[in-house]
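Trainee: Supplied structure: input34.cif, mmCIF, C-alpha atoms.
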data_upload
loop_
_atom_site.label_atom_id
_atom_site.label_comp_id
_atom_site.auth_asym_id
_atom_site.auth_seq_id
_atom_site.Cartn_x
_atom_site.Cartn_y
_atom_site.Cartn_z
CA MET P 1 11.01 -30.23 -91.03
CA ASN P 2 9.80 -27.00 -89.39
CA PRO P 3 6.23 -26.78 -87.99
CA PRO P 4 3.76 -24.55 -89.71
CA PRO P 5 3.69 -20.86 -88.64
CA ARG P 6 0.28 -21.19 -86.90
CA ARG P 7 1.51 -24.04 -84.79
CA ARG P 8 4.64 -22.12 -83.83
CA ARG P 9 2.52 -19.17 -82.66
CA ALA P 10 0.33 -21.46 -80.53
CA GLN P 11 3.34 -23.00 -78.83
CA SER P 12 4.76 -19.53 -78.08
CA LEU P 13 1.47 -18.46 -76.49
CA VAL P 14 1.37 -21.55 -74.32
CA ARG P 15 4.95 -20.96 -73.16
CA TRP P 16 4.11 -17.35 -72.29
CA VAL P 17 0.99 -18.30 -70.34
CA VAL P 18 2.87 -20.97 -68.43
CA THR P 19 5.72 -18.59 -67.68
CA ALA P 20 3.29 -15.89 -66.47
CA ALA P 21 1.44 -18.37 -64.28
CA VAL P 22 4.67 -19.54 -62.71
CA ALA P 23 5.73 -15.95 -62.08
CA LEU P 24 2.38 -15.05 -60.50
CA ALA P 25 2.53 -18.13 -58.30
CA ALA P 26 6.02 -17.19 -57.21
CA VAL P 27 4.90 -13.64 -56.42
CA ALA P 28 1.88 -14.92 -54.50
CA ALA P 29 4.02 -17.39 -52.59
CA ALA P 30 6.52 -14.68 -51.77
CA PHE P 31 3.72 -12.31 -50.62
CA ALA P 32 2.17 -15.03 -48.52
CA ALA P 33 5.52 -15.87 -47.00
CA TYR P 34 6.11 -12.21 -46.28
CA SER P 35 2.66 -11.74 -44.77
CA TYR P 36 2.80 -14.77 -42.52
CA SER P 37 6.33 -14.06 -41.45
CA ARG P 38 5.21 -10.81 -39.76
CA PRO P 39 4.38 -11.15 -36.00
CA VAL P 40 0.74 -10.78 -34.93
CA VAL P 41 -0.19 -8.14 -32.34
CA THR P 42 -3.56 -7.71 -30.62
CA VAL P 43 -5.17 -4.28 -30.80
CA THR P 44 -8.25 -2.70 -29.29
CA GLU P 45 -10.05 0.63 -29.55
CA ILE P 46 -9.72 3.70 -27.36
CA VAL P 47 -13.16 4.30 -25.76
CA GLN P 48 -14.85 6.58 -23.26
CA ALA P 49 -15.52 4.87 -19.93
CA PRO P 50 -15.25 5.42 -16.16
CA VAL P 51 -11.79 5.27 -14.61
CA VAL P 52 -10.87 4.89 -10.93
CA GLN P 53 -7.43 5.26 -9.43
CA ALA P 54 -7.04 3.18 -6.30
CA PHE P 55 -4.58 1.23 -4.20
CA TYR P 56 -5.28 -2.13 -2.67
CA ALA P 57 -5.01 -3.87 0.69
CA THR P 58 -6.29 -6.95 2.47
CA GLY P 59 -8.57 -6.80 5.50
CA THR P 60 -10.48 -8.79 8.10
CA LEU P 61 -13.94 -8.17 9.54
CA SER P 62 -13.34 -7.36 13.19
CA PRO P 63 -15.21 -6.01 16.20
CA VAL P 64 -14.37 -2.40 16.95
CA ARG P 65 -12.74 -3.64 20.14
CA ASP P 66 -12.02 -6.97 21.80
CA HIS P 67 -12.54 -7.25 25.56
CA PRO P 68 -10.21 -9.80 27.17
CA LEU P 69 -11.29 -10.77 30.70
CA LYS P 70 -8.43 -11.54 33.08
CA ALA P 71 -8.28 -12.72 36.65
CA SER P 72 -8.15 -9.76 39.02
CA VAL P 73 -7.31 -11.98 41.99
CA GLU P 74 -5.48 -15.24 42.49
CA GLY P 75 -7.83 -18.15 43.00
CA ILE P 76 -9.81 -21.09 41.66
CA VAL P 77 -12.29 -20.79 38.77
CA GLU P 78 -15.85 -21.64 39.78
CA ARG P 79 -19.17 -21.53 37.96
CA LEU P 80 -21.88 -19.30 39.37
CA PRO P 81 -24.36 -21.49 41.22
CA ASP P 82 -27.41 -19.78 39.75
CA GLY P 83 -25.89 -18.62 36.45
CA PRO P 84 -25.94 -20.19 32.97
CA PHE P 85 -23.08 -22.30 31.66
CA ILE P 86 -20.66 -19.96 29.88
CA ASP P 87 -18.70 -21.42 26.96
CA LYS P 88 -17.32 -20.41 23.60
CA GLY P 89 -20.13 -18.88 21.54
CA SER P 90 -22.27 -17.93 24.54
CA ARG P 91 -24.10 -14.65 24.08
CA VAL P 92 -23.82 -12.35 27.07
CA THR P 93 -25.13 -8.94 28.09
CA SER P 94 -23.34 -5.98 29.60
CA GLY P 95 -22.88 -6.41 33.36
CA GLN P 96 -23.87 -10.09 33.34
CA PRO P 97 -21.96 -12.21 35.93
CA LEU P 98 -20.10 -14.99 34.12
CA LEU P 99 -17.62 -16.83 36.38
CA LYS P 100 -15.91 -16.48 39.74
CA VAL P 101 -12.24 -16.69 40.65
CA VAL P 102 -12.49 -17.59 44.33
CA ASP P 103 -9.84 -16.75 46.93
CA PRO P 104 -10.84 -17.98 50.44
CA LYS P 105 -8.54 -15.41 52.07
CA LEU P 106 -10.67 -12.62 50.63
CA GLU P 107 -13.77 -14.12 52.25
CA LEU P 108 -11.98 -14.22 55.61
CA LEU P 109 -10.74 -10.65 55.26
CA ALA P 110 -14.25 -9.48 54.42
CA LEU P 111 -15.72 -11.18 57.51
CA LYS P 112 -13.00 -9.69 59.70
CA ALA P 113 -13.55 -6.22 58.24
CA LYS P 114 -17.29 -6.55 58.80
CA ALA P 115 -16.81 -7.50 62.47
CA GLU P 116 -14.42 -4.59 63.04
CA LEU P 117 -16.85 -2.23 61.36
CA GLN P 118 -19.67 -3.37 63.64
CA GLU P 119 -17.41 -2.80 66.67
CA LYS P 120 -16.45 0.70 65.52
CA ARG P 121 -20.06 1.58 64.88
CA ALA P 122 -21.02 0.44 68.38
CA ARG P 123 -18.13 2.40 69.94
CA PHE P 124 -19.16 5.53 68.03
CA ASP P 125 -22.90 5.23 68.75
CA GLU P 126 -23.83 7.73 71.49
CA LYS P 127 -26.34 5.34 73.01
CA SER P 128 -24.33 2.10 72.98
CA SER P 129 -20.71 3.24 73.14
CA PRO P 130 -19.02 2.07 76.37
CA VAL P 131 -16.23 4.58 75.85
CA LEU P 132 -18.56 7.55 75.52
CA GLY P 133 -20.70 6.10 78.32
CA GLU P 134 -17.72 6.23 80.71
CA PHE P 135 -17.17 9.87 79.87
CA ASP P 136 -20.86 10.61 80.41
CA ALA P 137 -20.82 8.89 83.81
CA ARG P 138 -17.74 10.78 84.95
CA LEU P 139 -19.16 14.03 83.61
CA THR P 140 -22.48 13.46 85.40
CA ALA P 141 -20.72 12.77 88.68
CA THR P 142 -18.50 15.82 88.28
CA VAL P 143 -21.49 18.04 87.45
CA ASP P 144 -23.30 16.75 90.53
CA LEU P 145 -20.28 17.56 92.69
CA LEU P 146 -20.10 20.97 91.05
CA ASP P 147 -23.72 21.61 91.94
CA LEU P 148 -23.00 20.64 95.56
CA ALA P 149 -19.92 22.85 95.64
CA ARG P 150 -21.90 25.81 94.37
CA ALA P 151 -24.56 25.16 96.99
CA GLU P 152 -21.83 25.04 99.65
CA GLN P 153 -20.42 28.31 98.32
CA ARG P 154 -23.81 29.98 98.66
CA ARG P 155 -24.20 28.64 102.21
CA VAL P 156 -20.75 29.92 103.23
CA MET P 157 -21.47 33.34 101.71
CA ALA P 158 -24.74 33.54 103.69
CA ALA P 159 -23.03 32.49 106.90
CA LEU P 160 -20.28 35.04 106.35
CA GLU P 161 -22.87 37.79 106.18
CA HIS P 162 -24.03 36.71 109.67
CA ARG P 163 -20.46 36.33 110.82
CA ALA P 164 -21.05 32.56 111.18
CA SER P 165 -18.21 31.77 108.77
CA THR P 166 -14.85 33.14 107.79
CA GLN P 167 -13.30 34.45 104.60
CA VAL P 168 -11.03 31.41 104.50
CA ASP P 169 -14.05 29.11 104.33
CA LEU P 170 -15.47 31.18 101.45
CA ASP P 171 -12.18 31.09 99.54
CA ARG P 172 -12.03 27.29 99.95
CA SER P 173 -15.56 26.89 98.59
CA ILE P 174 -14.78 29.13 95.62
CA ASP P 175 -11.63 27.13 94.83
CA ARG P 176 -13.65 23.90 95.05
CA VAL P 177 -16.23 25.21 92.54
CA LYS P 178 -13.51 26.33 90.15
CA GLU P 179 -11.74 22.97 90.39
CA LEU P 180 -14.91 20.97 89.69
CA TRP P 181 -15.96 23.30 86.83
CA LYS P 182 -12.52 22.88 85.27
CA GLU P 183 -12.77 19.11 85.63
CA SER P 184 -16.23 19.04 84.01
CA GLU P 185 -15.07 21.15 81.08
CA GLY P 186 -12.03 18.92 80.69
CA LEU P 187 -14.27 15.86 80.57
CA LYS P 188 -16.41 17.51 77.88
CA ALA P 189 -13.33 18.27 75.79
CA GLN P 190 -12.00 14.73 76.27
CA LYS P 191 -15.37 13.30 75.21
CA ALA P 192 -15.41 15.49 72.07
CA ALA P 193 -11.86 14.41 71.22
CA MET P 194 -12.82 10.77 71.77
CA GLN P 195 -15.83 11.22 69.51
CA LEU P 196 -13.54 12.55 66.75
CA ARG P 197 -11.19 9.62 67.27
CA LEU P 198 -14.01 7.09 67.23
CA LYS P 199 -15.44 8.71 64.10
CA ALA P 200 -12.07 8.46 62.35
CA GLU P 201 -11.76 4.81 63.43
CA LEU P 202 -15.27 4.19 62.09
CA GLU P 203 -14.44 5.80 58.74
CA VAL P 204 -11.28 3.72 58.46
CA ALA P 205 -13.25 0.57 59.30
CA GLU P 206 -15.86 1.47 56.69
CA SER P 207 -13.12 2.01 54.10
CA VAL P 208 -11.48 -1.32 54.99
CA TYR P 209 -14.82 -3.10 54.74
CA ASN P 210 -15.68 -1.44 51.42
CA THR P 211 -12.26 -2.42 50.09
CA ALA P 212 -12.84 -5.98 51.25
CA LEU P 213 -16.21 -6.01 49.50
CA TRP P 214 -14.60 -4.57 46.36
CA ASN P 215 -11.99 -7.32 46.43
CA LEU P 216 -14.77 -9.86 46.84
CA GLY P 217 -16.49 -8.31 43.84
CA LEU P 218 -13.32 -8.76 41.78
CA GLN P 219 -13.81 -12.48 42.15
CA THR P 220 -16.90 -12.30 39.95
CA LEU P 221 -16.15 -11.65 36.28
CA LYS P 222 -18.81 -9.64 34.47
CA SER P 223 -19.31 -8.96 30.78
CA PRO P 224 -18.21 -5.43 29.82
CA VAL P 225 -20.46 -5.32 26.72
CA ASP P 226 -23.32 -7.02 24.95
CA GLY P 227 -21.46 -9.59 22.91
CA VAL P 228 -20.26 -13.14 22.39
CA VAL P 229 -17.59 -15.24 24.09
CA LEU P 230 -14.99 -15.75 21.35
CA ASP P 231 -12.82 -18.42 23.00
CA ARG P 232 -13.18 -21.21 25.52
CA PRO P 233 -13.09 -19.83 29.07
CA ALA P 234 -10.79 -21.26 31.71
CA SER P 235 -12.33 -24.48 33.03
CA PRO P 236 -13.81 -24.68 36.56
CA GLY P 237 -11.18 -25.84 39.03
CA THR P 238 -8.35 -24.09 37.22
CA HIS P 239 -5.98 -22.15 39.45
CA LEU P 240 -5.29 -18.68 38.08
CA ASN P 241 -2.81 -16.01 39.01
CA VAL P 242 -3.53 -12.30 38.79
CA ASN P 243 -3.88 -11.17 35.13
CA ASP P 244 -4.20 -14.73 33.78
CA HIS P 245 -6.50 -14.87 30.74
CA VAL P 246 -10.01 -16.19 31.37
CA MET P 247 -12.01 -15.44 28.20
CA LEU P 248 -12.42 -13.01 25.30
CA ILE P 249 -15.66 -11.12 24.63
CA ALA P 250 -16.60 -8.79 21.79
CA ASP P 251 -19.66 -7.27 20.16
CA VAL P 252 -19.77 -9.05 16.80
CA ARG P 253 -23.14 -7.91 15.51
CA PRO P 254 -22.76 -7.16 11.78
CA GLN P 255 -23.73 -3.51 12.20
CA ASN P 256 -20.93 -3.11 14.75
CA LEU P 257 -18.17 -4.76 12.73
CA VAL P 258 -15.49 -2.90 10.81
CA MET P 259 -13.20 -4.05 8.04
CA ARG P 260 -9.73 -3.74 9.54
CA ALA P 261 -7.28 -3.30 6.69
CA ALA P 262 -3.50 -3.72 6.63
CA VAL P 263 -2.24 -0.86 4.47
CA ASP P 264 1.34 -0.87 3.22
CA GLU P 265 3.31 2.10 4.49
CA GLU P 266 3.99 3.39 0.96
CA ASN P 267 0.23 3.92 0.55
CA MET P 268 -0.45 5.54 3.94
CA THR P 269 -0.04 9.07 2.59
CA LEU P 270 -3.02 8.36 0.30
CA VAL P 271 -5.38 7.41 3.15
CA ARG P 272 -7.75 10.03 4.55
CA ASP P 273 -10.76 10.10 6.87
CA GLY P 274 -14.05 9.43 5.10
CA GLN P 275 -12.30 8.04 2.01
CA GLU P 276 -14.41 5.78 -0.20
CA VAL P 277 -13.45 2.11 -0.10
CA GLN P 278 -14.77 -0.76 -2.20
CA MET P 279 -14.62 -4.16 -0.52
CA SER P 280 -14.79 -7.71 -1.81
CA LEU P 281 -15.19 -10.54 0.73
CA TYR P 282 -14.28 -14.09 -0.13
CA SER P 283 -17.53 -15.24 1.50
CA TYR P 284 -19.51 -13.13 -1.02
CA PRO P 285 -18.04 -13.94 -4.46
CA GLY P 286 -18.95 -11.44 -7.15
CA ARG P 287 -20.41 -8.93 -4.69
CA LEU P 288 -18.99 -5.54 -3.75
CA PHE P 289 -19.56 -3.66 -0.49
CA ALA P 290 -19.04 0.08 -0.09
CA GLY P 291 -17.54 1.72 2.97
CA ARG P 292 -15.64 4.71 4.33
CA VAL P 293 -12.42 5.11 6.27
CA ALA P 294 -13.50 5.46 9.91
CA LYS P 295 -10.23 5.36 11.84
CA ILE P 296 -6.54 5.51 10.98
CA TYR P 297 -4.16 4.02 13.52
CA ASP P 298 -1.00 6.04 13.96
CA LYS P 299 1.63 3.37 14.47
CA ALA P 300 2.80 0.72 11.99
CA ASP P 301 3.20 -2.95 12.81
CA PRO P 302 6.97 -3.15 13.41
CA GLU P 303 7.27 -6.55 11.71
CA ARG P 304 4.91 -6.27 8.76
CA ARG P 305 5.40 -2.52 8.20
CA THR P 306 1.69 -2.06 7.65
CA PHE P 307 -0.79 0.35 9.24
CA GLU P 308 -4.21 -0.65 10.54
CA VAL P 309 -7.14 1.27 9.07
CA ASP P 310 -10.77 0.68 10.10
CA ILE P 311 -13.45 0.94 7.41
CA SER P 312 -17.12 1.24 8.33
CA ILE P 313 -19.44 -0.72 6.05
CA ASP P 314 -22.34 1.25 4.57
CA LYS P 315 -24.78 -1.67 4.29
CA PRO P 316 -23.50 -4.72 6.16
CA ASP P 317 -25.07 -8.07 5.39
CA ASP P 318 -26.86 -9.91 8.20
CA ARG P 319 -24.65 -12.97 7.66
CA MET P 320 -21.36 -11.13 8.08
CA ALA P 321 -19.20 -12.55 10.85
CA ALA P 322 -15.98 -11.54 12.57
CA GLY P 323 -12.96 -13.15 10.95
CA MET P 324 -14.19 -13.00 7.34
CA THR P 325 -11.45 -11.72 5.05
CA GLY P 326 -11.36 -9.88 1.77
CA GLU P 327 -9.65 -7.31 -0.38
CA LEU P 328 -10.16 -3.58 -0.47
CA ALA P 329 -9.73 -0.84 -3.03
CA PHE P 330 -9.09 2.60 -1.51
CA VAL P 331 -10.39 5.10 -4.08
CA VAL P 332 -7.87 7.91 -4.59
CA ALA P 333 -9.54 9.61 -7.58
CA ALA P 334 -12.33 8.81 -10.05
CA LYS P 335 -13.95 10.10 -13.24
CA GLU P 336 -17.32 8.99 -14.52
CA LYS P 337 -16.34 9.57 -18.16
CA ALA P 338 -12.84 9.68 -19.62
CA LEU P 339 -10.93 8.59 -22.72
CA VAL P 340 -9.35 5.30 -21.65
CA ALA P 341 -7.19 2.50 -22.90
CA PRO P 342 -6.79 -0.90 -21.24
CA ARG P 343 -4.02 -0.89 -18.65
CA GLN P 344 -2.64 -3.86 -20.58
CA ALA P 345 -1.70 -1.41 -23.37
CA LEU P 346 0.65 0.57 -21.12
CA GLN P 347 4.07 -0.97 -21.71
CA ALA P 348 7.18 0.65 -20.26
CA ASN P 349 5.05 3.78 -19.82
CA LYS P 350 4.36 3.88 -23.58
CA LEU P 351 1.43 3.12 -25.87
CA TYR P 352 1.87 1.51 -29.29
CA THR P 353 -0.38 1.53 -32.36
CA VAL P 354 -0.10 0.06 -35.87
CA ARG P 355 0.16 2.53 -38.75
CA ASP P 356 0.64 1.43 -42.34
CA GLY P 357 1.24 -2.09 -41.07
CA LYS P 358 4.11 -1.05 -38.82
CA LEU P 359 4.47 -0.91 -35.03
CA THR P 360 4.50 2.74 -33.96
CA ALA P 361 4.98 4.34 -30.51
CA VAL P 362 2.50 7.12 -29.66
CA SER P 363 3.30 10.22 -27.65
CA VAL P 364 0.52 10.30 -25.04
CA GLU P 365 -0.24 12.31 -21.89
CA PHE P 366 -1.69 10.08 -19.18
CA GLY P 367 -4.19 10.89 -16.42
CA LEU P 368 -5.68 8.53 -13.84
CA LYS P 369 -4.42 4.97 -13.78
CA SER P 370 -6.39 2.03 -12.42
CA VAL P 371 -5.74 -1.68 -12.42
CA GLU P 372 -7.80 -2.15 -15.61
CA ARG P 373 -7.71 1.20 -17.39
CA VAL P 374 -5.51 4.22 -17.96
CA GLU P 375 -6.82 7.68 -18.84
CA ILE P 376 -5.62 9.29 -22.10
CA VAL P 377 -5.48 13.08 -21.68
CA SER P 378 -4.03 13.80 -25.13
CA GLY P 379 -2.35 12.06 -28.06
CA LEU P 380 -5.16 9.69 -29.10
CA ASN P 381 -8.83 9.97 -30.05
CA PRO P 382 -11.87 7.73 -29.58
CA GLY P 383 -11.74 4.82 -32.02
CA ASP P 384 -7.96 4.82 -32.34
CA ARG P 385 -6.40 1.41 -31.86
CA VAL P 386 -3.63 0.56 -29.45
CA VAL P 387 -1.58 -2.61 -29.06
CA ILE P 388 -2.37 -4.65 -25.93
CA SER P 389 -0.18 -7.68 -26.57
CA PRO P 390 3.44 -7.57 -25.34
CA VAL P 391 5.85 -5.78 -27.67
CA ALA P 392 8.96 -7.16 -26.00
CA GLY P 393 11.22 -8.48 -28.72
CA LEU P 394 9.69 -6.18 -31.34
CA HIS P 395 11.03 -2.83 -32.44
CA GLU P 396 9.35 0.35 -33.55
CA GLY P 397 8.72 0.38 -37.31
CA GLN P 398 8.62 -3.42 -37.51
CA PRO P 399 5.95 -4.76 -39.91
CA VAL P 400 3.22 -6.58 -37.97
CA ARG P 401 -0.17 -8.13 -38.49
CA THR P 402 -3.13 -7.31 -36.22
CA LYS P 403 -6.09 -8.99 -34.64
CA SER P 404 -8.79 -7.12 -32.73
CA MET P 405 -10.25 -7.53 -29.22
CA ASP P 406 -13.31 -5.95 -27.65
CA PRO P 407 -12.29 -2.99 -25.38
CA THR P 408 -14.20 -4.33 -22.35
CA ALA P 409 -12.59 -7.75 -22.69
CA ALA P 410 -9.22 -6.10 -23.18
CA ALA P 411 -9.62 -4.09 -19.95
CA GLY P 412 -10.45 -7.33 -18.12
CA LEU P 413 -7.10 -8.86 -19.08
CA ASN P 414 -5.40 -6.94 -16.28
CA LYS P 415 -8.16 -7.58 -13.75
CA PRO P 416 -6.69 -8.95 -10.52
CA LYS P 417 -7.15 -12.65 -9.99
CA PRO P 418 -9.29 -13.78 -7.04
CA LYS P 419 -7.47 -13.84 -3.72
CA GLU P 420 -4.41 -12.14 -5.20
CA ILE P 421 -5.14 -8.40 -5.17
CA PHE P 422 -8.77 -7.50 -5.42
CA ARG P 423 -11.85 -9.39 -6.52
CA GLY P 424 -14.40 -7.39 -8.46
CA GLY P 425 -11.94 -4.62 -9.33
CA PHE P 426 -12.65 -1.55 -11.40
#
Just dump the structure as structure tokens.

Mentor:
Amino acid sequence: MNPPPRRRRAQSLVRWVVTAAVALAAVAAAFAAYSYSRPVVTVTEIVQAPVVQAFYATGTLSPVRDHPLKASVEGIVERLPDGPFIDKGSRVTSGQPLLKVVDPKLELLALKAKAELQEKRARFDEKSSPVLGEFDARLTATVDLLDLARAEQRRVMAALEHRASTQVDLDRSIDRVKELWKESEGLKAQKAAMQLRLKAELEVAESVYNTALWNLGLQTLKSPVDGVVLDRPASPGTHLNVNDHVMLIADVRPQNLVMRAAVDEENMTLVRDGQEVQMSLYSYPGRLFAGRVAKIYDKADPERRTFEVDISIDKPDDRMAAGMTGELAFVVAAKEKALVAPRQALQANKLYTVRDGKLTAVSVEFGLKSVERVEIVSGLNPGDRVVISPVAGLHEGQPVRTKSMDPTAAAGLNKPKPKEIFRGGF
């Protein structure tokens, strides 16, 4: 028996509703499956922000110059009897005597040179010189004889006028005067020559004595600068040869320290005098120091292929010490305000965005590039979104889902890790 018409209509309606519900569920399930099967990419907005292009290097706080003290003579290390005990960490002043390297032979040579100098001075002294005294005695005697000869010549001339003498006697007296005059003049010349000789001997003796004193002075090591002893000096009693190391001294006051950087040779063409440098020291976490390039050394380390560059620190901290290390950013170019994307978004020198749910490459002209940001000169506008997650394995036009990240946090993704490149980067 067939059901009534009303009942048949009700059953048809129920079947239609059930069929529609099943179809909608299938469509929803298919849409959900499609949606969740699409890969998720992270996007962030293009914003205006500062951008700095820089390259990076490591560095060590160092004195401008170390001063190694070496033995100038061979000898035994001795402490100064009246001086302070000098050890590693001792603070010293310029010119301060520190230690002695004693060579007894130098003492003997100095005493000998002093005795010879005293002798030469006595021989050269007009009053005490026995050599010059002998010349004076001979010259006095000769002059006295010359006076007598001249008196005899006058007597003979007077007698000749009275015919009490002969011309022969007069000629003999004249010859005697000439002979004695010549002898006296010869003695004067010999004395002058001896004086020159004695003066030369005195000057040589003075030079020898001064050299001996200078050699004695080399025994005493003095500080070349106001500074600190950086290593342990050679112990008293140690025998040293010439040029053996004794100690190392340097001026390590914070205001006189420089950050000595090791710059890779591929970056040396970017270094210039007065260039701005930002520094991060491991001893000062989270703090940046500013400085300027003060000196560029011309020759590379042959093993490391790096160049030394000294950076003066604008405001050194009082607790800075030689040997502290850190990382440096040499600023090549900077802009206070530019359209930027996180450096993380730059992938194979391309930027990607999502348009109509699909991954799309964007034609962009780039400007400055820093570790954290890259400047967009053209191709994108403020507020546009770019992909910062890796697109490796995806292809352009592929349907994707998105999730957003704050632009500042996105820029920090590429921030160098501590003690790897640069702490406190841009």

Trainee: Which residues of range 310-362 of chain P sit at most 12 Å from range 217-233 of chain P, using all atoms listed in the file? Give each one's shortest atom pair and distance in Å (one decimal place), in chain and ascending residue order, as a Markdown table.

Mentor:
| residue | atom | partner | partner_atom | distance |
| --- | --- | --- | --- | --- |
| P:Ala321 | CA | P:Val228 | CA | 11.6 |
| P:Ala322 | CA | P:Leu230 | CA | 9.8 |
| P:Gly323 | CA | P:Leu230 | CA | 10.9 |

Trainee: For the file shown, what are the residues hit by the PyMOL selection byres ((chain P and resi 404) around 8), laid out as a list in words?

Mentor: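 Taken on the displayed file, the PyMOL selection byres ((chain P and resi 404) around 8) yields the residues Thr42, Val43, Thr44, Thr402, Lys403, Met405 and Asp406 of chain P.
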
Trainee: Pick out the residues sitting within 10 Å of Gln255 in chain P, and hand them over as a list in words; count only C-alpha atoms, and ignore anything fewer than 6 positions along from it in its own chain.

Mentor: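 That gives Pro63, Ser312, Ile313, Asp314, Lys315, Pro316, Asp317, Asp318 and Met320 of chain P.
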
Trainee: So which residues are close to (2.7, 3.8, 2.3), meaning at most 12 Å away in the file's coordinates with only C-alpha atoms counted, and can you show them as a list in words?

Mentor: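 Returned residue set, sorted by chain then number, is Phe55, Tyr56, Ala57, Ala262, Val263, Asp264, Glu265, Glu266, Asn267, Met268, Thr269, Leu270, Val271, Ala300, Arg305, Thr306, Phe307 and Glu308 of chain P.
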
Trainee: Run the PyMOL selection byres ((chain P and resi 280) around 9) against the file shown and list the residues it catches, as a VMD selection string.

Mentor: chain P and resid 278 to 279 281 to 289 325 to 329 422 to 425

Trainee: Place a sphere of radius 12 Å on (11.5, -0.8, -33.1) in the file coordinates and name every protein, DNA or RNA residue with an atom inside or on its surface, counting only C-alpha atoms; give the answer as a PDB file with C-alpha atoms, in the coordinates of the input.

Mentor:
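Listed below is the output, out23.pdb:
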ATOM      1  CA  TYR P 352       1.870   1.510 -29.290  1.00  0.00           C
ATOM      2  CA  VAL P 354      -0.100   0.060 -35.870  1.00  0.00           C
ATOM      3  CA  LYS P 358       4.110  -1.050 -38.820  1.00  0.00           C
ATOM      4  CA  LEU P 359       4.470  -0.910 -35.030  1.00  0.00           C
ATOM      5  CA  THR P 360       4.500   2.740 -33.960  1.00  0.00           C
ATOM      6  CA  ALA P 361       4.980   4.340 -30.510  1.00  0.00           C
ATOM      7  CA  VAL P 391       5.850  -5.780 -27.670  1.00  0.00           C
ATOM      8  CA  ALA P 392       8.960  -7.160 -26.000  1.00  0.00           C
ATOM      9  CA  GLY P 393      11.220  -8.480 -28.720  1.00  0.00           C
ATOM     10  CA  LEU P 394       9.690  -6.180 -31.340  1.00  0.00           C
ATOM     11  CA  HIS P 395      11.030  -2.830 -32.440  1.00  0.00           C
ATOM     12  CA  GLU P 396       9.350   0.350 -33.550  1.00  0.00           C
ATOM     13  CA  GLY P 397       8.720   0.380 -37.310  1.00  0.00           C
ATOM     14  CA  GLN P 398       8.620  -3.420 -37.510  1.00  0.00           C
ATOM     15  CA  PRO P 399       5.950  -4.760 -39.910  1.00  0.00           C
ATOM     16  CA  VAL P 400       3.220  -6.580 -37.970  1.00  0.00           C
TER      17      VAL P 400
END

Trainee: Apply the PyMOL selection byres ((chain P and resi 184-196) around 10) to the file shown and report the selected residues as a PyMOL selection string.

Mentor: chain P and resi 123-126+131-136+138-146+178-183+197-202

Trainee: How far is it from CA of Gly367 in chain P to CA of Val47 in chain P, in Å with one decimal?

Mentor: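 Rounded to one decimal, the two atoms are 14.5 Å apart.
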
Trainee: If I take CA of Ala338 in chain P and CA of Val52 in chain P, how far is one from the other in Å, to one decimal?

Mentor: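 Interatomic distance here is 10.1 Å.
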
Trainee: I want to know what sits within 12 Å of range 241-245 of chain P, based on only C-alpha atoms, with residues of the same chain fewer than 6 positions away left out; could you give that as number ranges by chain?

Mentor: P: 67-77, 101-103, 218-219, 221, 231-235

Trainee: Please provide the set of residues having any atom within 6 Å of Val331 in chain P, restricted to all atoms listed in the file, with same-chain residues fewer than 2 positions apart removed, written as a VMD selection string.

Mentor: chain P and resid 54 276 to 277 333

Trainee: Report the distance between CA of Leu248 in chain P and CA of Asp301 in chain P in Å, rounded to one decimal place.

Mentor: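 Between CA of Leu248 in chain P and CA of Asp301 in chain P the gap is 22.4 Å.
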
Trainee: Between P:Val208, P:Ala110, P:Leu148, P:Val41, which one has atoms that come closest to Val386 in chain P, using all atoms listed in the file?

Mentor: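 Using all atoms listed in the file, the shortest distance to Val386 in chain P belongs to P:Val41.
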
Trainee: For Gly274 in chain P, please output as a PyMOL selection string all residues within 8 Å (counting all atoms listed in the file; exclusion window: fewer than 2 positions along the same chain).

Mentor: chain P and resi 272+276+292-294

Trainee: Would you save the residues from that selection as a compact mmCIF listing (two decimals), keeping the file's coordinate frame, using C-alpha atoms?

Mentor:
# COMPACT_ATOMS: atom_id res chain seq x y z
CA ARG P 272 -7.75 10.03 4.55
CA GLU P 276 -14.41 5.78 -0.20
CA ARG P 292 -15.64 4.71 4.33
CA VAL P 293 -12.42 5.11 6.27
CA ALA P 294 -13.50 5.46 9.91

Trainee: Residues near Ala345 in chain P, anyone? I mean within 10 Å using only C-alpha atoms, not counting same-chain ones fewer than 2 positions away, as a PyMOL selection string.

Mentor: chain P and resi 42-44+341-343+347-353+372-374+386-391+410-411+414

Trainee: With all atoms listed in the file as the basis for distance, which of P:Val177, P:Ile46, P:Ala137, P:Val51 is at the shortest distance from Glu336 in chain P?

Mentor: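 Looking only at the distances to Glu336 in chain P, the closest residue turns out to be P:Val51.
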
Trainee: Return the single residue from P:Val252, P:Val377, P:Ile86, P:Val364 that is closest to Arg319 in chain P, with distances computed using all atoms listed in the file.

Mentor: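 For Arg319 in chain P, the nearest of the given residues is P:Val252.
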
Trainee: Return the single residue from P:Pro81, P:Glu107, P:Val340, P:Ala122 that is closest to Asn381 in chain P, with distances computed using all atoms listed in the file.

Mentor: P:Val340
